[in-house]
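**Q** So here's query-v6.tsv, just TSV, C-alpha atoms and all ligand atoms:
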```
chain	number	residue	atom	x	y	z
A	637	MET	CA	-34.71	40.94	-2.99
A	638	PRO	CA	-37.02	40.04	-5.89
A	639	ASP	CA	-37.00	42.60	-8.68
A	640	ALA	CA	-40.39	44.34	-8.83
A	641	THR	CA	-40.95	43.67	-12.52
A	642	THR	CA	-39.17	40.39	-13.14
A	643	GLY	CA	-39.49	38.56	-9.82
A	644	GLU	CA	-35.83	37.70	-10.08
A	645	VAL	CA	-33.66	37.15	-7.04
A	646	ARG	CA	-30.36	38.74	-7.90
A	647	SER	CA	-28.60	37.58	-4.75
A	648	THR	CA	-28.36	34.07	-6.26
A	649	GLY	CA	-25.74	35.45	-8.62
A	650	LEU	CA	-27.86	34.78	-11.70
A	651	THR	CA	-27.98	37.60	-14.20
A	652	THR	CA	-31.25	39.31	-14.98
A	653	ARG	CA	-31.20	37.84	-18.46
A	654	THR	CA	-30.57	34.29	-17.19
A	655	MET	CA	-33.46	34.60	-14.78
A	656	ARG	CA	-35.75	35.99	-17.47
A	657	VAL	CA	-34.94	33.09	-19.83
A	658	ARG	CA	-35.42	30.63	-16.99
A	659	ASN	CA	-38.83	32.15	-16.16
A	660	ARG	CA	-39.88	32.04	-19.82
A	661	ARG	CA	-38.93	28.36	-20.02
A	662	MET	CA	-40.85	27.65	-16.81
A	663	LEU	CA	-43.93	29.31	-18.29
A	664	LEU	CA	-43.60	27.42	-21.59
A	665	ASP	CA	-43.12	24.13	-19.73
A	666	LEU	CA	-46.33	24.81	-17.78
A	667	LEU	CA	-48.26	25.45	-20.98
A	668	ARG	CA	-46.78	22.34	-22.61
A	669	GLU	CA	-48.00	20.29	-19.65
A	670	HIS	CA	-51.41	21.88	-19.08
A	671	GLY	CA	-52.44	23.09	-22.54
A	672	VAL	CA	-54.09	26.42	-21.72
A	673	LEU	CA	-53.97	28.51	-18.52
A	674	SER	CA	-54.95	31.97	-17.32
A	675	GLN	CA	-52.27	34.39	-16.13
A	676	ALA	CA	-53.59	33.97	-12.57
A	677	ASP	CA	-53.13	30.17	-12.87
A	678	ILE	CA	-49.57	30.69	-14.05
A	679	ALA	CA	-48.78	33.06	-11.17
A	680	ARG	CA	-50.20	30.56	-8.68
A	681	ARG	CA	-48.34	27.58	-10.12
A	682	THR	CA	-44.96	29.32	-10.56
A	683	GLY	CA	-44.96	31.53	-7.47
A	684	LEU	CA	-44.11	34.51	-9.72
A	685	SER	CA	-45.93	37.80	-9.21
A	686	ARG	CA	-48.82	38.67	-11.53
A	687	THR	CA	-46.83	41.62	-12.84
A	688	THR	CA	-43.91	39.36	-13.74
A	689	VAL	CA	-46.23	36.87	-15.42
A	690	SER	CA	-47.85	39.67	-17.39
A	691	THR	CA	-44.42	40.88	-18.59
A	692	LEU	CA	-43.35	37.35	-19.58
A	693	VAL	CA	-46.62	36.72	-21.40
A	694	SER	CA	-46.30	39.91	-23.37
A	695	GLU	CA	-42.67	39.07	-24.36
A	696	LEU	CA	-43.56	35.52	-25.41
A	697	ARG	CA	-46.59	36.78	-27.34
A	698	GLN	CA	-44.34	39.23	-29.17
A	699	MET	CA	-41.96	36.35	-29.98
A	700	GLY	CA	-44.82	34.39	-31.52
A	701	LEU	CA	-44.52	31.53	-29.02
A	702	ILE	CA	-47.88	31.92	-27.28
A	703	VAL	CA	-51.35	33.05	-28.34
A	704	ASP	CA	-54.76	33.67	-26.81
A	705	ALA	CA	-56.56	30.36	-26.55
A	706	ALA	CA	-60.22	29.45	-26.69
A	707	ALA	CA	-61.73	28.97	-23.23
A	708	PRO	CA	-63.19	25.55	-22.42
A	709	THR	CA	-66.99	25.59	-22.04
A	710	ALA	CA	-67.91	28.03	-19.26
A	711	ARG	CA	-69.11	26.43	-16.05
A	712	ALA	CA	-72.86	26.61	-15.60
A	713	GLY	CA	-73.81	29.42	-13.22
A	714	SER	CA	-70.37	31.04	-13.32
A	715	GLN	CA	-70.52	34.79	-12.97
A	716	GLY	CA	-68.62	37.53	-14.75
A	717	ARG	CA	-66.27	37.58	-17.68
A	718	PRO	CA	-64.16	34.41	-18.00
A	719	PRO	CA	-60.38	35.01	-17.73
A	720	THR	CA	-58.33	35.25	-20.92
A	721	LEU	CA	-56.55	31.99	-21.45
A	722	ILE	CA	-53.22	31.61	-23.17
A	723	GLY	CA	-51.62	28.59	-24.80
A	724	LEU	CA	-48.62	27.74	-26.94
A	725	ASP	CA	-48.89	28.79	-30.57
A	726	ASP	CA	-49.98	25.38	-31.82
A	727	SER	CA	-48.89	26.15	-35.36
A	728	ALA	CA	-45.29	26.15	-34.15
A	729	GLY	CA	-44.85	22.38	-33.98
A	730	VAL	CA	-46.30	18.93	-33.33
A	731	ALA	CA	-45.45	15.93	-31.16
A	732	VAL	CA	-45.66	12.34	-32.41
A	733	GLY	CA	-46.56	9.35	-30.23
A	734	ILE	CA	-45.89	5.77	-31.36
A	735	ASP	CA	-47.31	2.81	-29.40
A	736	LEU	CA	-45.65	-0.25	-30.89
A	737	ASP	CA	-46.87	-3.64	-29.79
A	738	PRO	CA	-45.74	-6.76	-31.63
A	739	GLY	CA	-49.27	-7.12	-33.06
A	740	GLN	CA	-50.21	-3.49	-33.65
A	741	VAL	CA	-48.87	0.03	-34.04
A	742	ARG	CA	-50.84	3.14	-33.07
A	743	VAL	CA	-49.55	6.60	-33.97
A	744	ALA	CA	-50.96	9.95	-32.85
A	745	VAL	CA	-49.95	13.47	-33.87
A	746	ALA	CA	-50.77	16.31	-31.46
A	747	ASN	CA	-50.15	20.03	-31.53
A	748	LEU	CA	-48.60	21.91	-28.63
A	749	ALA	CA	-52.03	22.81	-27.28
A	750	HIS	CA	-52.54	19.06	-26.69
A	751	SER	CA	-55.12	18.58	-29.45
A	752	VAL	CA	-54.75	15.29	-31.31
A	753	LEU	CA	-54.68	16.14	-35.03
A	754	SER	CA	-54.65	12.59	-36.37
A	755	GLU	CA	-54.42	9.03	-35.18
A	756	CYS	CA	-53.69	5.90	-37.23
A	757	VAL	CA	-53.70	2.23	-36.21
A	758	ARG	CA	-52.29	-0.65	-38.24
A	759	GLU	CA	-52.34	-4.35	-37.40
A	760	LEU	CA	-48.93	-6.08	-37.60
A	761	ASP	CA	-47.84	-9.70	-37.69
A	762	PRO	CA	-46.64	-10.45	-34.12
A	763	GLY	CA	-43.94	-12.67	-35.65
A	764	ASP	CA	-42.40	-9.83	-37.68
A	765	GLU	CA	-38.68	-9.18	-37.35
A	766	PRO	CA	-37.93	-5.94	-35.42
A	767	ALA	CA	-36.69	-4.18	-38.59
A	768	THR	CA	-39.97	-4.99	-40.37
A	769	ALA	CA	-42.01	-3.70	-37.39
A	770	LEU	CA	-39.95	-0.47	-37.26
A	771	ASP	CA	-40.42	0.02	-41.02
A	772	ALA	CA	-44.18	-0.42	-40.56
A	773	ALA	CA	-44.23	2.01	-37.61
A	774	ALA	CA	-42.33	4.62	-39.64
A	775	GLY	CA	-44.84	4.15	-42.45
A	776	VAL	CA	-47.76	4.77	-40.09
A	777	VAL	CA	-46.03	7.94	-38.78
A	778	THR	CA	-45.80	9.24	-42.37
A	779	GLU	CA	-49.49	8.41	-42.87
A	780	ALA	CA	-50.51	10.16	-39.62
A	781	LEU	CA	-48.48	13.29	-40.46
A	782	GLY	CA	-50.09	13.30	-43.91
A	783	ARG	CA	-53.60	13.04	-42.47
A	784	ALA	CA	-52.80	15.90	-40.05
A	785	GLY	CA	-51.45	17.96	-42.95
A	786	VAL	CA	-48.16	18.52	-41.10
A	787	GLU	CA	-44.70	18.82	-42.66
A	788	ARG	CA	-42.04	16.56	-41.14
A	789	ALA	CA	-39.93	19.66	-40.34
A	790	ARG	CA	-42.58	20.81	-37.86
A	791	VAL	CA	-42.18	17.74	-35.61
A	792	ILE	CA	-40.50	18.78	-32.36
A	793	GLY	CA	-39.99	15.19	-31.26
A	794	ALA	CA	-41.46	11.71	-31.01
A	795	ALA	CA	-41.74	9.17	-28.24
A	796	MET	CA	-42.23	5.48	-28.83
A	797	CYS	CA	-43.17	2.76	-26.37
A	798	LEU	CA	-42.77	-1.01	-26.39
A	799	PRO	CA	-44.37	-3.47	-23.94
A	800	VAL	CA	-41.02	-4.47	-22.40
A	801	PRO	CA	-38.39	-2.99	-20.04
A	802	ILE	CA	-36.32	-0.33	-21.77
A	803	ASP	CA	-32.70	0.66	-21.19
A	804	ARG	CA	-33.19	4.40	-21.72
A	805	ARG	CA	-29.47	5.21	-21.47
A	806	ARG	CA	-28.72	3.03	-24.49
A	807	GLY	CA	-32.08	3.43	-26.25
A	808	THR	CA	-32.46	-0.35	-26.39
A	809	VAL	CA	-34.85	-3.07	-25.24
A	810	GLY	CA	-33.74	-4.29	-21.81
A	811	SER	CA	-32.20	-7.66	-21.11
A	812	ALA	CA	-35.13	-8.98	-19.08
A	813	SER	CA	-37.41	-8.67	-22.06
A	814	ALA	CA	-40.00	-11.20	-23.21
A	815	LEU	CA	-39.38	-10.01	-26.79
A	816	ALA	CA	-36.20	-12.04	-27.30
A	817	SER	CA	-35.50	-10.86	-30.85
A	818	TRP	CA	-35.59	-7.20	-29.74
A	819	ARG	CA	-33.06	-7.53	-26.89
A	820	GLY	CA	-30.16	-5.09	-27.14
A	821	LEU	CA	-31.25	-3.68	-30.53
A	822	PRO	CA	-30.58	0.06	-31.01
A	823	VAL	CA	-34.28	0.85	-31.42
A	824	VAL	CA	-33.96	4.60	-30.87
A	825	GLU	CA	-31.22	4.90	-33.47
A	826	GLY	CA	-33.25	2.77	-35.89
A	827	MET	CA	-36.33	4.97	-35.56
A	828	ARG	CA	-34.33	8.23	-35.75
A	829	ASP	CA	-32.80	7.04	-39.02
A	830	ARG	CA	-36.23	6.17	-40.41
A	831	LEU	CA	-38.03	9.33	-39.20
A	832	ASP	CA	-35.35	12.01	-39.33
A	833	PHE	CA	-36.43	13.68	-36.08
A	834	PRO	CA	-35.64	13.09	-32.37
A	835	VAL	CA	-37.14	9.92	-30.86
A	836	GLU	CA	-37.32	8.81	-27.23
A	837	LEU	CA	-38.02	5.22	-26.20
A	838	ASP	CA	-39.81	4.09	-23.07
A	839	ASP	CA	-41.92	1.19	-21.81
A	840	ASP	CA	-45.68	1.15	-22.31
A	841	ALA	CA	-46.72	0.84	-18.65
A	842	SER	CA	-44.63	3.86	-17.63
A	843	LEU	CA	-46.07	6.00	-20.41
A	844	ALA	CA	-49.64	4.85	-19.75
A	845	ALA	CA	-49.04	5.85	-16.10
A	846	LEU	CA	-47.84	9.26	-17.29
A	847	ALA	CA	-50.96	9.67	-19.46
A	848	GLU	CA	-53.35	8.68	-16.65
A	849	THR	CA	-51.66	11.12	-14.25
A	850	THR	CA	-51.63	13.90	-16.86
A	851	TRP	CA	-55.11	13.50	-18.36
A	852	GLY	CA	-56.87	10.46	-16.88
A	853	ALA	CA	-57.87	8.56	-13.74
A	854	ALA	CA	-54.95	9.78	-11.61
A	855	ARG	CA	-54.90	13.40	-12.72
A	856	GLY	CA	-53.40	15.53	-9.98
A	857	CYS	CA	-51.95	12.56	-8.07
A	858	ALA	CA	-48.20	12.62	-7.35
A	859	ASN	CA	-47.81	8.98	-6.26
A	860	VAL	CA	-49.45	6.38	-8.46
A	861	ILE	CA	-49.10	2.69	-9.27
A	862	TYR	CA	-50.47	1.92	-12.74
A	863	VAL	CA	-51.00	-1.80	-13.40
A	864	LYS	CA	-51.11	-2.80	-17.04
A	865	TYR	CA	-52.21	-6.33	-17.89
A	866	SER	CA	-52.85	-7.13	-21.54
A	867	THR	CA	-50.25	-9.78	-22.36
A	868	ALA	CA	-47.94	-9.41	-19.34
A	869	ILE	CA	-48.46	-7.94	-15.87
A	870	ARG	CA	-46.40	-4.77	-15.58
A	871	CYS	CA	-46.54	-1.52	-13.60
A	872	GLY	CA	-45.78	2.09	-14.35
A	873	LEU	CA	-44.70	4.02	-11.26
A	874	VAL	CA	-45.14	7.74	-10.68
A	875	LEU	CA	-43.37	8.83	-7.49
A	876	ASP	CA	-43.32	12.42	-6.25
A	877	GLY	CA	-44.83	13.48	-9.59
A	878	ARG	CA	-42.15	11.87	-11.76
A	879	LEU	CA	-41.89	8.58	-13.60
A	880	PHE	CA	-39.68	6.12	-11.73
A	881	ARG	CA	-37.96	3.56	-13.96
A	882	GLY	CA	-35.13	2.25	-11.76
A	883	ALA	CA	-31.45	1.78	-12.55
A	884	HIS	CA	-32.02	-0.71	-15.40
A	885	GLY	CA	-35.55	0.14	-16.54
A	886	ILE	CA	-36.89	-2.88	-14.63
A	887	ALA	CA	-38.88	-0.92	-12.00
A	888	GLY	CA	-42.52	-1.98	-12.08
A	889	GLU	CA	-41.94	-5.55	-13.35
A	890	VAL	CA	-44.51	-6.74	-10.85
A	891	GLY	CA	-45.26	-9.87	-12.90
A	892	HIS	CA	-41.94	-11.28	-11.71
A	893	THR	CA	-42.36	-10.60	-8.03
A	894	VAL	CA	-42.43	-13.94	-6.18
A	895	VAL	CA	-45.78	-14.95	-4.71
A	896	ASN	CA	-44.92	-18.65	-4.10
A	897	GLU	CA	-41.25	-19.56	-3.81
A	898	SER	CA	-41.94	-23.25	-4.41
A	899	GLY	CA	-44.30	-22.55	-7.30
A	900	LEU	CA	-43.85	-23.16	-11.01
A	901	VAL	CA	-40.68	-22.12	-12.81
A	902	CYS	CA	-41.26	-18.89	-14.78
A	903	TRP	CA	-39.79	-18.12	-18.22
A	904	CYS	CA	-37.58	-15.53	-16.45
A	905	GLY	CA	-35.81	-18.35	-14.56
A	906	SER	CA	-37.30	-17.60	-11.16
A	907	ARG	CA	-39.98	-19.68	-9.38
A	908	GLY	CA	-43.51	-18.77	-8.36
A	909	CYS	CA	-43.62	-15.34	-10.06
A	910	LEU	CA	-47.00	-13.57	-10.19
A	911	GLU	CA	-47.03	-14.42	-13.93
A	912	THR	CA	-47.10	-18.15	-13.07
A	913	VAL	CA	-50.37	-17.81	-11.12
A	914	ALA	CA	-52.08	-14.89	-12.88
A	915	GLY	CA	-50.38	-14.55	-16.29
A	916	ALA	CA	-51.82	-15.52	-19.67
A	917	TRP	CA	-50.72	-19.17	-19.43
A	918	ALA	CA	-52.05	-19.51	-15.89
A	919	ILE	CA	-55.52	-18.36	-16.99
A	920	GLY	CA	-55.46	-20.79	-19.90
A	921	ASP	CA	-54.53	-23.65	-17.58
A	922	MET	CA	-57.18	-22.62	-15.04
A	923	LEU	CA	-60.00	-22.83	-17.59
A	924	ARG	CA	-58.83	-25.60	-19.94
A	925	ARG	CA	-60.78	-28.37	-18.22
A	926	SER	CA	-64.03	-26.40	-17.96
A	927	HIS	CA	-63.87	-24.51	-21.25
A	928	GLY	CA	-61.79	-26.90	-23.38
A	929	GLU	CA	-59.64	-24.35	-25.19
A	930	HIS	CA	-56.78	-21.94	-24.55
A	931	MET	CA	-58.54	-18.84	-23.28
A	932	THR	CA	-56.94	-15.45	-23.77
A	933	LEU	CA	-57.42	-12.75	-21.12
A	934	GLU	CA	-59.49	-10.77	-23.63
A	935	ARG	CA	-61.90	-13.69	-24.15
A	936	VAL	CA	-62.13	-14.42	-20.42
A	937	VAL	CA	-63.01	-10.77	-19.72
A	938	ARG	CA	-65.64	-10.78	-22.49
A	939	LEU	CA	-67.27	-14.04	-21.36
A	940	ALA	CA	-67.20	-12.92	-17.71
A	941	ALA	CA	-69.08	-9.75	-18.69
A	942	ASP	CA	-71.64	-11.97	-20.48
A	943	GLY	CA	-72.26	-13.90	-17.26
A	944	ASP	CA	-69.94	-16.93	-17.63
A	945	VAL	CA	-69.46	-17.89	-13.96
A	946	GLY	CA	-66.27	-19.90	-14.59
A	947	CYS	CA	-64.63	-16.91	-16.26
A	948	GLN	CA	-65.88	-14.62	-13.49
A	949	ARG	CA	-64.26	-16.90	-10.91
A	950	ALA	CA	-60.98	-17.04	-12.86
A	951	LEU	CA	-60.90	-13.23	-13.14
A	952	ALA	CA	-61.60	-12.79	-9.44
A	953	ASP	CA	-58.87	-15.29	-8.52
A	954	ILE	CA	-56.15	-13.74	-10.69
A	955	SER	CA	-57.19	-10.28	-9.46
A	956	ARG	CA	-56.65	-11.38	-5.85
A	957	GLN	CA	-53.15	-12.60	-6.77
A	958	ILE	CA	-52.42	-9.30	-8.50
A	959	GLY	CA	-53.83	-7.54	-5.42
A	960	ILE	CA	-51.27	-9.30	-3.19
A	961	ALA	CA	-48.37	-8.12	-5.34
A	962	VAL	CA	-49.80	-4.59	-5.57
A	963	ALA	CA	-50.45	-4.45	-1.81
A	964	ASN	CA	-46.79	-5.31	-1.19
A	965	LEU	CA	-45.82	-2.44	-3.48
A	966	CYS	CA	-48.21	-0.16	-1.57
A	967	ASN	CA	-46.46	-0.93	1.71
A	968	VAL	CA	-43.15	0.09	0.13
A	969	LEU	CA	-44.24	3.06	-2.00
A	970	ASP	CA	-47.32	4.48	-0.23
A	971	PRO	CA	-49.25	5.55	-3.37
A	972	GLU	CA	-52.46	7.58	-3.23
A	973	ARG	CA	-54.05	5.81	-6.20
A	974	ILE	CA	-53.74	2.49	-8.02
A	975	VAL	CA	-54.94	2.58	-11.60
A	976	ILE	CA	-55.78	-0.68	-13.38
A	977	GLY	CA	-55.28	-0.56	-17.15
A	978	GLY	CA	-54.89	-2.76	-20.20
A	979	THR	CA	-57.33	-5.57	-21.04
A	980	LEU	CA	-57.77	-6.41	-17.34
A	981	ALA	CA	-59.44	-3.02	-16.72
A	982	ARG	CA	-62.35	-4.07	-18.96
A	983	GLY	CA	-63.32	-6.54	-16.23
A	984	GLY	CA	-64.64	-3.58	-14.19
A	985	GLU	CA	-65.76	-4.33	-10.63
A	986	LEU	CA	-65.14	-8.08	-11.13
A	987	VAL	CA	-61.46	-7.13	-11.13
A	988	LEU	CA	-61.36	-3.97	-9.02
A	989	GLU	CA	-63.17	-5.29	-5.94
A	990	PRO	CA	-60.87	-8.29	-5.28
A	991	ILE	CA	-57.81	-6.03	-5.69
A	992	ARG	CA	-59.36	-3.41	-3.38
A	993	ASP	CA	-60.16	-6.06	-0.79
A	994	VAL	CA	-56.61	-7.45	-0.68
A	995	VAL	CA	-55.04	-3.99	-0.67
A	996	ARG	CA	-57.32	-2.88	2.17
A	997	ARG	CA	-56.48	-5.91	4.32
A	998	ALA	CA	-52.74	-6.02	3.54
A	999	THR	CA	-51.90	-2.36	4.01
A	1000	ARG	CA	-52.71	-1.89	7.68
A	1001	LEU	CA	-50.04	0.76	8.06
A	1002	LEU	CA	-52.02	2.85	5.56
A	1003	ALA	CA	-55.39	1.71	6.91
A	1004	ASP	CA	-56.71	5.19	7.67
A	1005	GLU	CA	-56.31	6.15	4.06
A	1006	PRO	CA	-55.75	3.09	1.87
A	1007	ALA	CA	-54.84	3.76	-1.76
A	1008	GLU	CA	-57.86	4.07	-4.04
A	1009	VAL	CA	-58.15	1.34	-6.68
A	1010	VAL	CA	-59.74	2.59	-9.91
A	1011	ALA	CA	-59.88	1.65	-13.59
A	1012	GLY	CA	-57.96	3.76	-16.09
A	1013	THR	CA	-60.08	6.15	-18.14
A	1014	LEU	CA	-57.93	6.35	-21.28
A	1015	GLY	CA	-58.36	2.72	-22.37
A	1016	ASP	CA	-56.31	1.47	-25.33
A	1017	ARG	CA	-55.11	5.01	-26.07
A	1018	ALA	CA	-53.31	5.48	-22.72
A	1019	GLU	CA	-49.94	4.39	-24.13
A	1020	VAL	CA	-49.95	6.60	-27.22
A	1021	GLN	CA	-51.19	9.54	-25.15
A	1022	GLY	CA	-48.36	8.87	-22.70
A	1023	CYS	CA	-45.91	9.11	-25.62
A	1024	LEU	CA	-47.37	12.52	-26.48
A	1025	ALA	CA	-47.24	13.60	-22.83
A	1026	LEU	CA	-43.56	12.64	-22.65
A	1027	VAL	CA	-42.68	14.73	-25.70
A	1028	LEU	CA	-44.80	17.67	-24.59
A	1029	ARG	CA	-43.53	17.57	-21.03
A	1030	ASP	CA	-39.93	16.45	-21.10
A	1031	THR	CA	-38.40	17.09	-24.48
A	1032	GLY	CA	-36.11	20.10	-24.77
A	1033	THR	CA	-37.95	21.60	-27.71
A	1034	ARG	CA	-37.21	24.33	-30.12
A	1035	PHE	CA	-39.58	26.37	-27.97
A	1036	SER	CA	-37.19	26.18	-25.05
A	1037	LEU	CA	-34.28	27.10	-27.30
A	1038	ARG	CA	-36.22	30.01	-28.74
A	1039	ALA	CA	-37.07	31.19	-25.21
A	1040	GLY	CA	-33.48	32.37	-24.98
A	1041	ALA	CA	-33.91	34.78	-27.89
A	1042	GLU	CA	-35.01	38.37	-27.55
A	1043	PRO	CA	-38.55	39.46	-28.38
A	1044	GLY	CA	-39.23	41.20	-31.66
B	1101	ZN	ZN	-40.77	-14.54	-13.69
```
Please, can you express the file's structure as structure tokens?
**A**
Amino acid sequence: MPDATTGEVRSTGLTTRTMRVRNRRMLLDLLREHGVLSQADIARRTGLSRTTVSTLVSELRQMGLIVDAAAPTARAGSQGRPPTLIGLDDSAGVAVGIDLDPGQVRVAVANLAHSVLSECVRELDPGDEPATALDAAAGVVTEALGRAGVERARVIGAAMCLPVPIDRRRGTVGSASALASWRGLPVVEGMRDRLDFPVELDDDASLAALAETTWGAARGCANVIYVKYSTAIRCGLVLDGRLFRGAHGIAGEVGHTVVNESGLVCWCGSRGCLETVAGAWAIGDMLRRSHGEHMTLERVVRLAADGDVGCQRALADISRQIGIAVANLCNVLDPERIVIGGTLARGGELVLEPIRDVVRRATRLLADEPAEVVAGTLGDRAEVQGCLALVLRDTGTRFSLRAGAEPG
């Protein structure tokens, strides 16, 4: 029987105190994920009674962990007094996100109410040794904390992403990485030593997928394929509401799915990978005769938008190839939404329509409700926002530890 005031089910053998701490943590986790909520929202999302939620809120308020939060702009035409919203006490800590690409580092600092307090970007030399790049990233973190006016001791955790597969168990760059000099390096340990607070490491496509499902184009979707194409073609996978990374961090390496077994040999050692027909080199080769130079994806997208018909054709053709690989994934994973991100997303409908067309025709099993194909809405900031989302959502923070204390 649930207890009338705590909602606890004693028959499970859990003590009242254990259940109360568990409920507090559940409530704090919800606020970390959603920013601000009303008590009615919390009751609906947790299944706890309103009375129990009210008791928990009052305890956590007394402990200084949550505060009343400003309501977002009231909806036009809404009647009556808006509900009181609560959020985490944002003065209690900050999360740090670090998006490290060989050519650039972007750092964002956010409070626990999900407001970004500062963001700094610094260009790097893509040829830098890993240690030099990590030093630079640590320097940008210090700069971002300084701009936000936040002491290092108030950081509850950081997450960093790299554009390669990550072995999360070891905190290293995975073996199938295009960044040869980073393979096997203890990146997490290196950043922890430089920053002096907890750091998690993940791959950029997974974290961009997390950001788009938390705040962007796939908000509210539990099954999502996020395709990132800036320098390589990679996917982030959200399945049943959770990031799926596979046994070795290789899940989502769609660029190395085979589209033509007798095709060109890929740098990964296989033949006819998607990268060989739609990757950066393939685009360059496709346009060399007509445009006389090595075209980057960024330049092709820009010229296509300006009306260059050759670049439009090249974009449409690579998008169809990407569509084939994504459609195969759809038949295996049955996603509700496919989000296109990275530089490719700037191609807009020139890119989305060919992918949609292939997905529609190749997923007959899902024909009644084919997955929607949309562009990401977070742009170049998806990765760093995903880092923040990971810290705010998954990290066991001091908040959770403090939830075990007694009020007062
Ligand atoms: Zn390959």
**Q** Check which residues fall inside 12 Å of ligand ZN 1101 (chain B) when counting only C-alpha atoms and all ligand atoms, and print them as number ranges by chain.
**A** A: 812-814, 868-870, 889-897, 899-915
**Q** Between atom CA of A:Gly882 and atom CA of A:Ala853, what is the distance, to one decimal in Å?
**A**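 A separation of 23.7 Å between them.
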**Q** Quick one, how far is atom CA of A:Ala1007 from atom CA of A:Ala887?
**A**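 Going from atom CA of A:Ala1007 over to atom CA of A:Ala887 covers 19.5 Å.
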**Q** My list of candidates is A:Met655, A:Gly793, A:Trp917, A:Arg1017. Which is closest to A:Met827 when distances are computed with only C-alpha atoms?
**A**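 Checking each of A:Met655, A:Gly793, A:Trp917, A:Arg1017 against A:Met827, counting only C-alpha atoms, the winner is A:Gly793.
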**Q** How close does stretch 954-1033 of chain A get to stretch 657-681 of chain A? List, as a Markdown table, each residue of stretch 954-1033 of chain A within 8 Å, its nearest atom pair and the distance in Å to one decimal, counting only C-alpha atoms.
**A**
```
| residue | atom | partner | partner_atom | distance |
| --- | --- | --- | --- | --- |
| A:Ala1025 | CA | A:Glu669 | CA | 7.4 |
| A:Leu1028 | CA | A:Arg668 | CA | 5.4 |
| A:Arg1029 | CA | A:Glu669 | CA | 5.4 |
```
**Q** Do you have the atom CA of A:Glu929-atom CA of A:Gly983 distance handy?
**A** 20.3 Å
**Q** First collect every listed atom of stretch 824-827 of chain A; then fit an axis-aligned box around them, widen it by 6 Å on each side, and give centre and edge lengths in Å to one decimal, as lines of an AutoDock Vina configuration file.
**A**
```
center_x = -33.8
center_y = 3.9
center_z = -33.4
size_x = 17.1
size_y = 14.2
size_z = 17.0
```
**Q** May I ask which of the residues A:Gly856, A:Glu836, A:Leu969, A:Val791 is the closest one to A:Phe880, counting only C-alpha atoms?
**A** A:Leu969
**Q** Taking 6 positions as the minimum chain separation for residues in the same chain, which residues sit within 8 Å of A:Ile919 when counting all atoms listed in the file? Answer as a PyMOL selection string.
**A** chain A and resi 913+931-933+950+954
**Q** Create the file for the chosen residues now, containing C-alpha atoms and written as a short mmCIF file (atom, residue, chain, number, x, y, z; two decimals), in the coordinates of the input.
**A**
```cif
data_model
loop_
_atom_site.label_atom_id
_atom_site.label_comp_id
_atom_site.auth_asym_id
_atom_site.auth_seq_id
_atom_site.Cartn_x
_atom_site.Cartn_y
_atom_site.Cartn_z
CA VAL A 913 -50.37 -17.81 -11.12
CA MET A 931 -58.54 -18.84 -23.28
CA THR A 932 -56.94 -15.45 -23.77
CA LEU A 933 -57.42 -12.75 -21.12
CA ALA A 950 -60.98 -17.04 -12.86
CA ILE A 954 -56.15 -13.74 -10.69
#
```
